[in-house]
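Colleague: Sharing a structure with you now.
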Amino acid sequence: MTTEVRSLREFKMPDVGEGLTEAEILSWYVKPGDTVTDGQVVCEVETAKAAVELPIPFNGVVEQLHFPEGATVDVGTVIISIAVAGEAGAAAPAAPVAAPAPAPASASAPAEEPEPERRAVLVGYGPRTGGTQRRARRTTTTVAATKPAPAAPAPAAPAAAAPVAEAPAGERPLAKPPVRKLAKDLGVDLREVTPTGLDGVITREDVHGHAAAQAAPAAEAAPTVAASAAVEAVAVPAPVSTAGDVRVPIKGVRKATAQAMVASAFTAPHVTEFVQVDVTRTMKFVRRLKESGELGRDVRVSPLLIVAKALLTAIKRHPEINAQWDEAAQEIVVKGQVNLGIAAATPRGLIVPNIKDAGSKTLTGLATSLGELVETARQGKTSPADMQGGTVTITNVGVFGVDTGTPILNPGEAAILAFGAVRDMPWVHKGKVVPRQVTTLALSFDHRLVDGELGSKVLADVAALLERPKRLITWG
């Protein structure tokens with residue numbers, strides 16, 4: 001009887017966003033014992049840019065999920081183990097000390113065939129370029145999301161967590177530099193932290209959990225530390241204080257937005273100009289397009305569409321504003337096409353997907369692209385590629401009833417236009433004060449790239465086009 005050779009393959013968190021260092025596991029689509037095939041989506045993760053589904057790159061049976069839903073995992077960390085070249089449902093060896101050595105040519109068991117070349121399906125994920133060495137597995141239980149951890153002793157103190165490998169006395173605890181800095185900022189002694197990472201590595205969640213246990217009253221601290229797999233889920237949201245304060249972890253899209261806005265605000269010298277515009281004719285134009293269906297019955301028409309077309313027309317007349325600052329080369333790069341970003345508020349935070357080469361689109365094409373962009377953002381399915389390469393942005397603060405604001409530039413872009421609420425206001429029209437529909441536009445620009453004259457001309461052109469939308473034909 002020939003015994004079938006089985007081995008464990010480990011799938012690591014890939015870089016799904018060009019240089020991002022971590023991602024949060026939103027949901028698992030598989031569980032231990034499930035059979036998976038090459039290309040099958042096994043989980044959904046959220047990076048600092050978007051939610052992305054991850055496909056598995058080989059066939060086999062799910063052996064272990066290393067992290068629970070809600071855990072934040074560093075790129076390159078193993079998140080799932082797959083038993084390959086074995087029968088579905090068969091159990092893998094309990095605790096191999098190291099990766100099995102290749103079988104000699106004379107052995108009866110067949111040698112594992114080389115991995116066929118695969119086509120990349122994610123950014124930073126593609127065919128393997130070298131061999132893979134697997135870490136030795138420990139006999140102690142680590143963070144298995146779906147397997148019950150050993151029962152902990154009666155929760156009398158925070159130290160009653162499930163047993164995990166700890167650094168021997170006198171040795172430096174295992175932790176990455178960002179985790180060490182976090183511990184220093186929180187005043188946590190890493191030697192007192194119980195590690196839950198692979199091979200006894202201390203994670204961010206371990207530090208947060210230890211800090212929370214120290215800060216909470218003793219009566220409340222004990223229930224927060226259970227099995228090591230549960231630390232991730234319990235310790236991520238910080239506890240509510242007795243004063244009613246709620247601490248919300250900053251991660252994913254919100255974390256990236258915060259970092260980008262700080263970098264932009266303190267790197268690019270912002271200038272913001274404002275103008276009030278009589279958009280009565282534009283609003284009539286929008287209503288006529290809706291009623292006539294000229295752009296198509298399924299095409300959504302809104303005032304934002306006309307604002308976007310007006311901005312694109314103004315950029316066509318003044319292409320120098322569609323530029324980027326190259327710090328390394330000390331050059332201004334005038335971009336060949338306009339990738340128009342639209343700021344969108346989503347349940348995961350503010351994102352700015354962009355319409356590629358928006359300047360070349362007709363009004364119908366622009367309306368279709370805008371509708372698809374908004375719908376995709378609402379569903380949380382915007383891909384990282386859709387949020388890269390933007391050159392200029394529109395933020396529609398008017399939908400919240402806000403008149404105007406001073407928008408911060410999207411990093412790397414030269415300008416951003418804020419479109420305020422449209423209100424009925426007294427306005428001088430043809431020599432008489434009459435009620436008209438009026439809005440306020442605000443244009444922020446990078447003064448390194450755009451001087452006051454250029455910024456003023458672009459804003460004035462947008463205002464003129466919205467005041468008389470027929471100019472879109474003659475100016476375009």
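Please note that chains go A, B, ... in the order of the structure tokens, that every chain numbers its residues from 1, and that ligands are numbered from 1 in the order shown.
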So which residues of stretch 216-432 of chain A fall under helix (DSSP H, G or I) by DSSP, listed as a VMD selection string?
Modeller: chain A and resid 218 to 224 228 to 235 252 to 265 280 to 292 303 to 317 319 to 321 358 to 360 363 to 378 384 to 387 397 to 400
Colleague: For A:Val179, list every protein, DNA or RNA residue within 7 Å, evaluated using only C-alpha atoms, and leave out those in the same chain fewer than 4 positions away; present the list as a list in words.
Modeller: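 So, after excluding close chain neighbours, the residues are Ala175, Ala183, Thr203 and Arg204 of chain A.
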Colleague: Write out as a PyMOL selection string which residues come within 12 Å of A:Thr440 when counting only C-alpha atoms, dropping same-chain ones fewer than 6 positions away.
Modeller: chain A and resi 273-279+307+396-398+401-406+417-423+425+459-460+462-463+466-467
Colleague: I'd like the contact shell of A:Thr313 - 12 Å cut-off, only C-alpha atoms, skipping same-chain residues fewer than 6 positions apart - returned as a ChimeraX atom specification.
Modeller: /A:306-307,319,322,338,358-363,458-466,469,471-476
Colleague: Just to be explicit: take each residue in the selection above, keep N, CA and C atoms, and write the result as a PDB file, in the first residue's frame.
Modeller:
```pdb
ATOM      1  N   ILE A 306     -22.385  68.246 -13.537  1.00  0.00           N
ATOM      2  CA  ILE A 306     -22.106  69.480 -14.272  1.00  0.00           C
ATOM      3  C   ILE A 306     -20.910  70.212 -13.661  1.00  0.00           C
ATOM      4  N   VAL A 307     -20.787  70.165 -12.341  1.00  0.00           N
ATOM      5  CA  VAL A 307     -19.615  70.767 -11.696  1.00  0.00           C
ATOM      6  C   VAL A 307     -18.344  70.066 -12.166  1.00  0.00           C
ATOM      7  N   PRO A 319      -4.171  73.938 -18.441  1.00  0.00           N
ATOM      8  CA  PRO A 319      -3.633  72.615 -18.105  1.00  0.00           C
ATOM      9  C   PRO A 319      -2.525  72.635 -17.046  1.00  0.00           C
ATOM     10  N   ASN A 322      -3.138  71.000 -13.637  1.00  0.00           N
ATOM     11  CA  ASN A 322      -3.173  69.541 -13.530  1.00  0.00           C
ATOM     12  C   ASN A 322      -1.733  69.024 -13.431  1.00  0.00           C
ATOM     13  N   VAL A 338      -6.203  63.951 -17.071  1.00  0.00           N
ATOM     14  CA  VAL A 338      -6.831  64.325 -15.806  1.00  0.00           C
ATOM     15  C   VAL A 338      -7.513  63.105 -15.217  1.00  0.00           C
ATOM     16  N   ALA A 358     -10.537  61.415 -17.168  1.00  0.00           N
ATOM     17  CA  ALA A 358     -11.887  61.993 -17.182  1.00  0.00           C
ATOM     18  C   ALA A 358     -12.010  63.120 -18.201  1.00  0.00           C
ATOM     19  N   GLY A 359     -10.908  63.810 -18.482  1.00  0.00           N
ATOM     20  CA  GLY A 359     -10.974  64.940 -19.401  1.00  0.00           C
ATOM     21  C   GLY A 359     -11.339  64.570 -20.817  1.00  0.00           C
ATOM     22  N   SER A 360     -11.154  63.308 -21.192  1.00  0.00           N
ATOM     23  CA  SER A 360     -11.464  62.888 -22.561  1.00  0.00           C
ATOM     24  C   SER A 360     -12.886  62.362 -22.713  1.00  0.00           C
ATOM     25  N   LYS A 361     -13.630  62.293 -21.627  1.00  0.00           N
ATOM     26  CA  LYS A 361     -14.969  61.690 -21.677  1.00  0.00           C
ATOM     27  C   LYS A 361     -16.032  62.704 -22.078  1.00  0.00           C
ATOM     28  N   THR A 362     -17.042  62.195 -22.769  1.00  0.00           N
ATOM     29  CA  THR A 362     -18.214  63.008 -23.073  1.00  0.00           C
ATOM     30  C   THR A 362     -19.043  63.173 -21.811  1.00  0.00           C
ATOM     31  N   LEU A 363     -20.070  63.987 -21.852  1.00  0.00           N
ATOM     32  CA  LEU A 363     -20.926  64.172 -20.690  1.00  0.00           C
ATOM     33  C   LEU A 363     -21.600  62.860 -20.303  1.00  0.00           C
ATOM     34  N   VAL A 458      -8.803  79.517 -12.960  1.00  0.00           N
ATOM     35  CA  VAL A 458      -9.513  78.239 -12.991  1.00  0.00           C
ATOM     36  C   VAL A 458     -10.825  78.343 -12.230  1.00  0.00           C
ATOM     37  N   LEU A 459     -10.793  78.940 -11.044  1.00  0.00           N
ATOM     38  CA  LEU A 459     -12.021  79.068 -10.250  1.00  0.00           C
ATOM     39  C   LEU A 459     -13.034  79.962 -10.961  1.00  0.00           C
ATOM     40  N   ALA A 460     -12.562  81.047 -11.569  1.00  0.00           N
ATOM     41  CA  ALA A 460     -13.468  81.947 -12.288  1.00  0.00           C
ATOM     42  C   ALA A 460     -14.107  81.244 -13.489  1.00  0.00           C
ATOM     43  N   ASP A 461     -13.338  80.404 -14.174  1.00  0.00           N
ATOM     44  CA  ASP A 461     -13.890  79.668 -15.311  1.00  0.00           C
ATOM     45  C   ASP A 461     -14.964  78.676 -14.873  1.00  0.00           C
ATOM     46  N   VAL A 462     -14.711  77.968 -13.772  1.00  0.00           N
ATOM     47  CA  VAL A 462     -15.718  77.027 -13.270  1.00  0.00           C
ATOM     48  C   VAL A 462     -17.001  77.776 -12.921  1.00  0.00           C
ATOM     49  N   ALA A 463     -16.856  78.932 -12.275  1.00  0.00           N
ATOM     50  CA  ALA A 463     -18.028  79.729 -11.905  1.00  0.00           C
ATOM     51  C   ALA A 463     -18.783  80.201 -13.147  1.00  0.00           C
ATOM     52  N   ALA A 464     -18.059  80.652 -14.142  1.00  0.00           N
ATOM     53  CA  ALA A 464     -18.696  81.147 -15.371  1.00  0.00           C
ATOM     54  C   ALA A 464     -19.443  80.025 -16.095  1.00  0.00           C
ATOM     55  N   LEU A 465     -18.873  78.832 -16.094  1.00  0.00           N
ATOM     56  CA  LEU A 465     -19.520  77.701 -16.763  1.00  0.00           C
ATOM     57  C   LEU A 465     -20.783  77.260 -16.034  1.00  0.00           C
ATOM     58  N   LEU A 466     -20.764  77.324 -14.700  1.00  0.00           N
ATOM     59  CA  LEU A 466     -21.957  76.953 -13.938  1.00  0.00           C
ATOM     60  C   LEU A 466     -23.031  78.030 -14.023  1.00  0.00           C
ATOM     61  N   PRO A 469     -24.323  77.274 -18.326  1.00  0.00           N
ATOM     62  CA  PRO A 469     -23.842  75.949 -18.747  1.00  0.00           C
ATOM     63  C   PRO A 469     -23.738  75.766 -20.257  1.00  0.00           C
ATOM     64  N   ARG A 471     -21.993  77.415 -22.079  1.00  0.00           N
ATOM     65  CA  ARG A 471     -20.578  77.625 -22.397  1.00  0.00           C
ATOM     66  C   ARG A 471     -19.803  76.320 -22.432  1.00  0.00           C
ATOM     67  N   LEU A 472     -20.348  75.271 -21.821  1.00  0.00           N
ATOM     68  CA  LEU A 472     -19.687  73.979 -21.890  1.00  0.00           C
ATOM     69  C   LEU A 472     -19.497  73.513 -23.332  1.00  0.00           C
ATOM     70  N   ILE A 473     -20.400  73.958 -24.205  1.00  0.00           N
ATOM     71  CA  ILE A 473     -20.317  73.582 -25.615  1.00  0.00           C
ATOM     72  C   ILE A 473     -19.269  74.435 -26.324  1.00  0.00           C
ATOM     73  N   THR A 474     -19.313  75.733 -26.126  1.00  0.00           N
ATOM     74  CA  THR A 474     -18.408  76.638 -26.848  1.00  0.00           C
ATOM     75  C   THR A 474     -16.997  76.608 -26.278  1.00  0.00           C
ATOM     76  N   TRP A 475     -16.852  76.401 -24.987  1.00  0.00           N
ATOM     77  CA  TRP A 475     -15.518  76.377 -24.371  1.00  0.00           C
ATOM     78  C   TRP A 475     -14.871  74.998 -24.443  1.00  0.00           C
ATOM     79  N   GLY A 476     -15.710  73.960 -24.539  1.00  0.00           N
ATOM     80  CA  GLY A 476     -15.175  72.595 -24.518  1.00  0.00           C
ATOM     81  C   GLY A 476     -14.542  72.192 -25.817  1.00  0.00           C
TER      82      GLY A 476
END
```
